[in-house]
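Structure, as structure tokens:
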Amino acid sequence: MFTAQNISPELTVEESSSDIWIPSPYVVADKHVENDDLVTFVYEPASEDILDPMQPGQFNMLYAFGIGEIPISVSSLISDHPRITHTIQNVGAVSKACCNMRVGDQIGLRGPFGTPWPVEDAKFKDVIIMAGGVGFAPLRPVVEFIEEYRDDYGEVNFLFGTRDPHSILFHQDVISLQSDPSVNFQITVDHSFSNWRGNVGVVTTLVEKAEFDPENTVAFVCGPEIMMRYGAYSLIDAGVDEENIFISMERNMKCAIGHCGHCQYGPLFVCKDGPVFLYPAIKNYLNIREL
Amino acid sequence: MKDIQELLNQQSFFKDMSPEMLNQIAGCGENQEFSPGEYLGKEGEPAHHFYIIRSGKVSVQINHPSKGAMTIWTLTPGEYGGFSWIIPPYRMQFDLKAQEHTSVVALDGKCLKKICDEDHHIGYIFMQQAAAIMVKRLHDTRIQLLDVYSTKH
Ligand SMILES: Cc1cc2nc3c(=O)[nH]c(=O)nc-3n(C[C@H](O)[C@H](O)[C@H](O)COP(=O)(O)OP(=O)(O)OC[C@H]3O[C@@H](n4cnc5c(N)ncnc54)[C@H](O)[C@@H]3O)c2cc1C
Ligand code: FES
């Protein structure tokens with residue numbers, strides 16, 4: 001069973017130094033276009049000013065100079081520190097500016113911030129990773145971690161739902177997961193016109209295809225809020241204890257250290273109490289409009 | 001080939017039915033095989049069968065006038081297809097198309113309906129299971145309609 005302690009954030013407002021406000025200069029070292037509106041970047045430091053190593057689930061604030069700053073989760077931990085990997089969806093002004101950057105361009109990074117996925121505490125349990133759309137990105141380091149310590153986990157299920165076959169991201173990962181006998185990887189799209197041969201239907205239907213002992217299962221869920229809400233219901237209906245379900249939330253952010261209140265979610269701050277929350281801590285707010 | 005009654009017995013849909021009831025229902029069934037691309041039924045046709053997927057994969061499709069066949073659902077082993085024989089006008093609402101080589105138990109709709117009409121207890125169990133599946137699919141379809149992965153909010 002998980003407790004509030006082992007997901008509590010390491011950083012508190014009191015401990016934060018003034019440096020945390022100043023972005024560190026990084027440059028784009030590598031760029032990979034995932035699909036029409038998603039790009040994965042590897043950044044490396046442009047100076048001696050290096051961010052601390054990240055944990056799965058944590059995020060950085062990415063500053064596109066002169067345009068603005070946005071929170072983006074770490075999407076891979078395979079590149080050695082101090083390199084940092086982020087996957088960005090082009091939805092508005094700042095994300096667009098970030099997505100348009102080319103190798104060699106400069107960006108400012110602050111972080112790492114937020115609570116990590118409790119991957120260590122999930123050892124010796126069955127695991128369900130449920131990702132929707134770009135929600136795959138914050139969960140990808142979880143998959144990497146589990147694959148590295150595969151013998152320490154029971155059954156591992158990765159349930160991935162996305163809009164249509166064109167919106168699939170991390171193609172190489174998807175191909176290797178499909179042929180990995182140690183992971184029960186299931187993928188579904190909401191609808192398809194193409195000659196897609198996989199499943200069609202919502203991601204929650206994949207819970208029926210997962211192999212797990214409900215009494216000894218930890219679930220990590222990330223995606224659009226509606227998908228996470230129904231994802232949690234489907235896991236609970238399948239017998240998973242809600243105390244073992246973790247959800248990663250998104251809210252607009254400014255400071256990322258619990259100062260400004262932009263990311264307030266009920267009594268919680270997504271930037272410092274989250275983004276990874278134990279489901280019972282937030283379930284009562286998931287259904288409230290425009291919270 | 002496995003006995004139809006034994007196959008029905010393994011399905012959660014029939015879990016509340018006695019061996020006698022299952023024996024009656026099994027009398028309506030036969031094993032059928034479909035090649036990839038072959039239709040189990042087409043939209044607008046009279047609904048003849050209730051299918052239990054044993055192996056393979058079936059696409060539930062709607063035809064879009066300009067975009068062609070749109071898959072809205074896939075049925076995999078252990079899932080059920082074809083409920084239109086229970087409800088008037090007993091007409092297929094979607095195309096059911098085998099995506100892979102597919103084996104099914106096909107239960108004849110007229111035969112099933114006769115059993116359900118004669119024994120309302122069987123009819124009730126059937127309707128209860130069918131309603132649970134149809135309600136879940138309706139709910140999932142509503143979520144699909146919300147297009148939750150769209151970036152245009
Ligand atoms: C902790 C955390 C981690 C995140 N990780 C990632 C990540 O790994 N990759 C990634 O691409 N994004 C991630 N996001 C979301 C990202 O921060 C936003 O998409 C971004 O802030 C949008 O800023 P913008 O200026 O580009 O667009 P804006 O001009 O702010 O918004 C443009 C449009 O996008 C919509 N929008 C804004 N935020 C979101 C959102 N979160 N999801 C969907 N639509 C949104 C707005 O409603 C608006 O219609 C994360 C958010 C948080 C809080
Ligand atoms: S972003 Fe300022 S309090 Fe969370």
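Residue numbers start at 1 in each chain; chains themselves are named A, B, ... in the order of the structure tokens; ligands are numbered from 1 in the order shown.
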Given a cut-off of 8 Å, which residues of chain B touch chain A, counting only C-alpha atoms, written out as a PyMOL selection string?
chain B and resi 67-74+99+140+143-144+147-152
Output the neighbourhood of ligand 1 as a PyMOL selection string, that is, all protein and nucleic acid residues with some atom at most 6 Å from the ligand, counting only C-alpha atoms and all ligand atoms.
(chain A and resi 59+70-73+87-89+91-96+137-138+250-252+275) or (chain B and resi 151-153)
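With a cut-off of 7 Å and using only C-alpha atoms and all ligand atoms, the polymer residues contacting ligand 2 are Met253, Lys254, Cys255, Ala256, Ile257, Gly258, His259, Cys260, Gly261, His262, Cys263, Gln264, Phe269, Val270, Cys271 and Lys272 of chain A.
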Run DSSP on the backbone of this structure and report the residues of chain B it assigns to alpha helix (DSSP H), as a PyMOL selection string.
chain B and resi 4-9+19-26+109-118+120-146
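The closest residue to Ile87 of chain B, picked from B:Pro46, B:Pro65, B:Gly41, B:Gly29 and counting only C-alpha atoms, is B:Pro46.
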Of the candidates B:Arg137, B:Lys110, B:His121, B:Lys97, which one gets nearest to Pro36 of chain B if we count only C-alpha atoms?
B:Lys97
Can you tell me which residues surround Ile53 of chain B at a distance of at most 10 Å, considering only C-alpha atoms, apart from same-chain residues fewer than 6 positions away, and format the answer as number ranges by chain?
B: 32, 75-81, 102-106
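Interatomic distance, atom CA of His166 of chain A to atom CA of Arg102 of chain A: 23.2 Å.
Within segment 48-94 of chain B, DSSP run on the backbone puts these residues in strand (DSSP E or B): His49, Phe50, Tyr51, Ile52, Ile53, Arg54, Ser55, Val58, Ser59, Val60, Gln61, Ile62, Asn63, His64, Gly68, Ala69, Met70, Thr71, Ile72, Trp73, Thr74, Leu75, Tyr80, Gly81 and Arg91 of chain B.
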Writer output for current selection, N, CA, C and O atoms, as an mmCIF file, in the first residue's frame:
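And here's out10.cif as it stands now:
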data_model
loop_
_atom_site.group_PDB
_atom_site.id
_atom_site.type_symbol
_atom_site.label_atom_id
_atom_site.label_comp_id
_atom_site.auth_asym_id
_atom_site.auth_seq_id
_atom_site.Cartn_x
_atom_site.Cartn_y
_atom_site.Cartn_z
ATOM 1 N N HIS B 49 -27.799 -13.843 -37.016
ATOM 2 C CA HIS B 49 -26.980 -14.586 -36.054
ATOM 3 C C HIS B 49 -26.480 -13.745 -34.886
ATOM 4 O O HIS B 49 -26.284 -12.545 -35.004
ATOM 5 N N PHE B 50 -26.259 -14.450 -33.800
ATOM 6 C CA PHE B 50 -25.537 -13.908 -32.649
ATOM 7 C C PHE B 50 -24.204 -14.650 -32.643
ATOM 8 O O PHE B 50 -24.171 -15.882 -32.650
ATOM 9 N N TYR B 51 -23.098 -13.883 -32.678
ATOM 10 C CA TYR B 51 -21.780 -14.513 -32.812
ATOM 11 C C TYR B 51 -20.984 -14.451 -31.518
ATOM 12 O O TYR B 51 -20.945 -13.421 -30.850
ATOM 13 N N ILE B 52 -20.305 -15.538 -31.222
ATOM 14 C CA ILE B 52 -19.344 -15.550 -30.121
ATOM 15 C C ILE B 52 -17.983 -15.773 -30.778
ATOM 16 O O ILE B 52 -17.778 -16.791 -31.462
ATOM 17 N N ILE B 53 -17.088 -14.811 -30.609
ATOM 18 C CA ILE B 53 -15.793 -14.902 -31.293
ATOM 19 C C ILE B 53 -14.906 -15.891 -30.535
ATOM 20 O O ILE B 53 -14.659 -15.716 -29.335
ATOM 21 N N ARG B 54 -14.433 -16.924 -31.232
ATOM 22 C CA ARG B 54 -13.540 -17.920 -30.606
ATOM 23 C C ARG B 54 -12.076 -17.598 -30.866
ATOM 24 O O ARG B 54 -11.229 -17.762 -30.009
ATOM 25 N N SER B 55 -11.767 -17.186 -32.090
ATOM 26 C CA SER B 55 -10.399 -16.770 -32.408
ATOM 27 C C SER B 55 -10.470 -15.785 -33.566
ATOM 28 O O SER B 55 -11.482 -15.714 -34.267
ATOM 29 N N VAL B 58 -12.735 -9.346 -35.475
ATOM 30 C CA VAL B 58 -13.810 -8.866 -36.347
ATOM 31 C C VAL B 58 -13.930 -7.348 -36.197
ATOM 32 O O VAL B 58 -13.952 -6.837 -35.074
ATOM 33 N N SER B 59 -13.996 -6.627 -37.312
ATOM 34 C CA SER B 59 -14.194 -5.172 -37.262
ATOM 35 C C SER B 59 -15.679 -4.861 -37.342
ATOM 36 O O SER B 59 -16.379 -5.420 -38.191
ATOM 37 N N VAL B 60 -16.125 -3.959 -36.485
ATOM 38 C CA VAL B 60 -17.484 -3.434 -36.578
ATOM 39 C C VAL B 60 -17.349 -2.122 -37.348
ATOM 40 O O VAL B 60 -16.638 -1.219 -36.906
ATOM 41 N N GLN B 61 -17.991 -2.040 -38.515
ATOM 42 C CA GLN B 61 -17.731 -0.894 -39.400
ATOM 43 C C GLN B 61 -19.000 -0.166 -39.826
ATOM 44 O O GLN B 61 -20.062 -0.777 -39.941
ATOM 45 N N ILE B 62 -18.839 1.143 -40.053
ATOM 46 C CA ILE B 62 -19.887 1.956 -40.671
ATOM 47 C C ILE B 62 -19.290 2.514 -41.959
ATOM 48 O O ILE B 62 -18.113 2.879 -41.969
ATOM 49 N N ASN B 63 -20.108 2.603 -42.993
ATOM 50 C CA ASN B 63 -19.591 3.168 -44.238
ATOM 51 C C ASN B 63 -19.829 4.658 -44.310
ATOM 52 O O ASN B 63 -20.939 5.140 -44.102
ATOM 53 N N HIS B 64 -18.740 5.383 -44.575
ATOM 54 C CA HIS B 64 -18.811 6.825 -44.737
ATOM 55 C C HIS B 64 -18.813 7.091 -46.238
ATOM 56 O O HIS B 64 -17.978 6.533 -46.948
ATOM 57 N N GLY B 68 -15.130 6.006 -46.894
ATOM 58 C CA GLY B 68 -15.107 4.549 -46.937
ATOM 59 C C GLY B 68 -15.450 3.939 -45.593
ATOM 60 O O GLY B 68 -16.083 4.586 -44.743
ATOM 61 N N ALA B 69 -15.024 2.701 -45.398
ATOM 62 C CA ALA B 69 -15.403 1.974 -44.183
ATOM 63 C C ALA B 69 -14.640 2.505 -42.975
ATOM 64 O O ALA B 69 -13.421 2.595 -42.990
ATOM 65 N N MET B 70 -15.387 2.859 -41.940
ATOM 66 C CA MET B 70 -14.765 3.340 -40.713
ATOM 67 C C MET B 70 -14.957 2.268 -39.634
ATOM 68 O O MET B 70 -16.089 1.858 -39.364
ATOM 69 N N THR B 71 -13.855 1.823 -39.064
ATOM 70 C CA THR B 71 -13.966 0.836 -37.983
ATOM 71 C C THR B 71 -14.231 1.578 -36.685
ATOM 72 O O THR B 71 -13.484 2.479 -36.313
ATOM 73 N N ILE B 72 -15.312 1.209 -36.010
ATOM 74 C CA ILE B 72 -15.639 1.899 -34.757
ATOM 75 C C ILE B 72 -15.384 0.994 -33.553
ATOM 76 O O ILE B 72 -15.421 1.448 -32.418
ATOM 77 N N TRP B 73 -15.109 -0.276 -33.841
ATOM 78 C CA TRP B 73 -14.986 -1.226 -32.748
ATOM 79 C C TRP B 73 -14.309 -2.468 -33.295
ATOM 80 O O TRP B 73 -14.468 -2.760 -34.479
ATOM 81 N N THR B 74 -13.587 -3.180 -32.456
ATOM 82 C CA THR B 74 -13.111 -4.498 -32.894
ATOM 83 C C THR B 74 -13.544 -5.537 -31.869
ATOM 84 O O THR B 74 -13.587 -5.253 -30.672
ATOM 85 N N LEU B 75 -13.872 -6.700 -32.353
ATOM 86 C CA LEU B 75 -14.281 -7.801 -31.475
ATOM 87 C C LEU B 75 -13.173 -8.841 -31.477
ATOM 88 O O LEU B 75 -12.722 -9.278 -32.538
ATOM 89 N N TYR B 80 -18.672 -10.627 -28.178
ATOM 90 C CA TYR B 80 -19.921 -11.008 -28.844
ATOM 91 C C TYR B 80 -20.294 -9.984 -29.919
ATOM 92 O O TYR B 80 -20.087 -8.789 -29.735
ATOM 93 N N GLY B 81 -20.854 -10.462 -30.982
ATOM 94 C CA GLY B 81 -21.283 -9.556 -32.054
ATOM 95 C C GLY B 81 -22.649 -9.954 -32.564
ATOM 96 O O GLY B 81 -23.002 -11.140 -32.569
ATOM 97 N N ARG B 91 -32.646 -5.929 -37.990
ATOM 98 C CA ARG B 91 -31.811 -5.592 -39.147
ATOM 99 C C ARG B 91 -30.400 -5.259 -38.645
ATOM 100 O O ARG B 91 -30.250 -4.618 -37.605
#
Skip Pro118 of chain A itself and residues of its chain fewer than 2 positions away, then list as a PyMOL selection string all residues within 10 Å of it, counting only C-alpha atoms.
chain A and resi 2+6-7+55-57+115-116+120-123+142+218+220+246+276+278
Could the residues in this selection be saved with N, CA, C and O atoms as a PDB file, in the first residue's frame?
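Saved file result30.pdb follows:
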ATOM      1  N   PHE A   2       0.450   2.271  -0.705  1.00  0.00           N
ATOM      2  CA  PHE A   2       1.244   3.491  -0.792  1.00  0.00           C
ATOM      3  C   PHE A   2       0.719   4.522   0.203  1.00  0.00           C
ATOM      4  O   PHE A   2      -0.449   4.562   0.509  1.00  0.00           O
ATOM      5  N   ASN A   6       5.331   8.609   0.691  1.00  0.00           N
ATOM      6  CA  ASN A   6       6.259   8.230  -0.363  1.00  0.00           C
ATOM      7  C   ASN A   6       5.924   8.828  -1.722  1.00  0.00           C
ATOM      8  O   ASN A   6       6.569   8.539  -2.697  1.00  0.00           O
ATOM      9  N   ILE A   7       4.908   9.684  -1.797  1.00  0.00           N
ATOM     10  CA  ILE A   7       4.776  10.452  -3.038  1.00  0.00           C
ATOM     11  C   ILE A   7       4.919  11.950  -2.762  1.00  0.00           C
ATOM     12  O   ILE A   7       4.689  12.768  -3.629  1.00  0.00           O
ATOM     13  N   GLN A  55      13.566  12.242 -12.407  1.00  0.00           N
ATOM     14  CA  GLN A  55      12.957  10.931 -12.142  1.00  0.00           C
ATOM     15  C   GLN A  55      11.708  10.788 -13.021  1.00  0.00           C
ATOM     16  O   GLN A  55      11.093  11.808 -13.389  1.00  0.00           O
ATOM     17  N   PRO A  56      11.296   9.535 -13.319  1.00  0.00           N
ATOM     18  CA  PRO A  56      10.107   9.344 -14.154  1.00  0.00           C
ATOM     19  C   PRO A  56       8.913  10.086 -13.567  1.00  0.00           C
ATOM     20  O   PRO A  56       8.649   9.977 -12.370  1.00  0.00           O
ATOM     21  N   GLY A  57       8.208  10.857 -14.389  1.00  0.00           N
ATOM     22  CA  GLY A  57       7.016  11.582 -13.923  1.00  0.00           C
ATOM     23  C   GLY A  57       7.284  13.042 -13.645  1.00  0.00           C
ATOM     24  O   GLY A  57       6.347  13.843 -13.587  1.00  0.00           O
ATOM     25  N   THR A 115       6.325  15.522  -8.303  1.00  0.00           N
ATOM     26  CA  THR A 115       6.423  14.178  -7.721  1.00  0.00           C
ATOM     27  C   THR A 115       6.653  13.142  -8.827  1.00  0.00           C
ATOM     28  O   THR A 115       6.070  13.248  -9.901  1.00  0.00           O
ATOM     29  N   PRO A 116       7.477  12.137  -8.543  1.00  0.00           N
ATOM     30  CA  PRO A 116       7.713  11.097  -9.552  1.00  0.00           C
ATOM     31  C   PRO A 116       6.686   9.964  -9.454  1.00  0.00           C
ATOM     32  O   PRO A 116       5.974   9.848  -8.458  1.00  0.00           O
ATOM     33  N   GLU A 120       9.831   2.506  -7.678  1.00  0.00           N
ATOM     34  CA  GLU A 120      10.536   1.619  -6.729  1.00  0.00           C
ATOM     35  C   GLU A 120       9.514   0.883  -5.865  1.00  0.00           C
ATOM     36  O   GLU A 120       9.632  -0.315  -5.638  1.00  0.00           O
ATOM     37  N   ASP A 121       8.510   1.619  -5.381  1.00  0.00           N
ATOM     38  CA  ASP A 121       7.508   1.016  -4.498  1.00  0.00           C
ATOM     39  C   ASP A 121       6.644  -0.011  -5.229  1.00  0.00           C
ATOM     40  O   ASP A 121       5.975  -0.817  -4.594  1.00  0.00           O
ATOM     41  N   ALA A 122       6.626   0.071  -6.555  1.00  0.00           N
ATOM     42  CA  ALA A 122       5.805  -0.875  -7.326  1.00  0.00           C
ATOM     43  C   ALA A 122       6.534  -2.194  -7.585  1.00  0.00           C
ATOM     44  O   ALA A 122       5.950  -3.116  -8.167  1.00  0.00           O
ATOM     45  N   LYS A 123       7.771  -2.282  -7.141  1.00  0.00           N
ATOM     46  CA  LYS A 123       8.513  -3.521  -7.379  1.00  0.00           C
ATOM     47  C   LYS A 123       7.828  -4.706  -6.681  1.00  0.00           C
ATOM     48  O   LYS A 123       7.225  -4.543  -5.625  1.00  0.00           O
ATOM     49  N   VAL A 142       8.780   5.302 -17.194  1.00  0.00           N
ATOM     50  CA  VAL A 142       8.346   4.192 -16.324  1.00  0.00           C
ATOM     51  C   VAL A 142       8.610   2.862 -17.036  1.00  0.00           C
ATOM     52  O   VAL A 142       9.146   1.914 -16.454  1.00  0.00           O
ATOM     53  N   VAL A 218      -0.344  -2.373  -9.105  1.00  0.00           N
ATOM     54  CA  VAL A 218      -0.199  -0.923  -9.079  1.00  0.00           C
ATOM     55  C   VAL A 218      -0.486  -0.406 -10.478  1.00  0.00           C
ATOM     56  O   VAL A 218      -0.040  -1.012 -11.459  1.00  0.00           O
ATOM     57  N   PHE A 220      -0.500   2.970 -13.159  1.00  0.00           N
ATOM     58  CA  PHE A 220      -0.051   4.329 -13.477  1.00  0.00           C
ATOM     59  C   PHE A 220      -0.866   4.813 -14.679  1.00  0.00           C
ATOM     60  O   PHE A 220      -0.826   4.165 -15.729  1.00  0.00           O
ATOM     61  N   PHE A 246      -2.272   5.545  -9.524  1.00  0.00           N
ATOM     62  CA  PHE A 246      -1.612   6.860  -9.610  1.00  0.00           C
ATOM     63  C   PHE A 246      -1.982   7.541 -10.918  1.00  0.00           C
ATOM     64  O   PHE A 246      -2.071   6.897 -11.958  1.00  0.00           O
ATOM     65  N   VAL A 276       2.132  13.788 -10.203  1.00  0.00           N
ATOM     66  CA  VAL A 276       1.678  12.416  -9.966  1.00  0.00           C
ATOM     67  C   VAL A 276       0.984  12.370  -8.608  1.00  0.00           C
ATOM     68  O   VAL A 276       1.590  12.689  -7.578  1.00  0.00           O
ATOM     69  N   LEU A 278      -1.808  10.200  -5.927  1.00  0.00           N
ATOM     70  CA  LEU A 278      -2.546   8.994  -5.599  1.00  0.00           C
ATOM     71  C   LEU A 278      -4.013   9.294  -5.936  1.00  0.00           C
ATOM     72  O   LEU A 278      -4.519  10.366  -5.575  1.00  0.00           O
TER      73      LEU A 278
END
Can you tell me how far atom CA of Leu8 of chain B sits from atom CA of Glu100 of chain B, in Å to one decimal?
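Rounded to one decimal, the two atoms are 22.3 Å apart.
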Which residue is closest to Gly37 of chain B? Choose from B:Lys57, B:Lys15, B:His120, B:Lys113 and count only C-alpha atoms.
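When distances to Gly37 of chain B are compared using only C-alpha atoms, the smallest one comes from B:Lys57.
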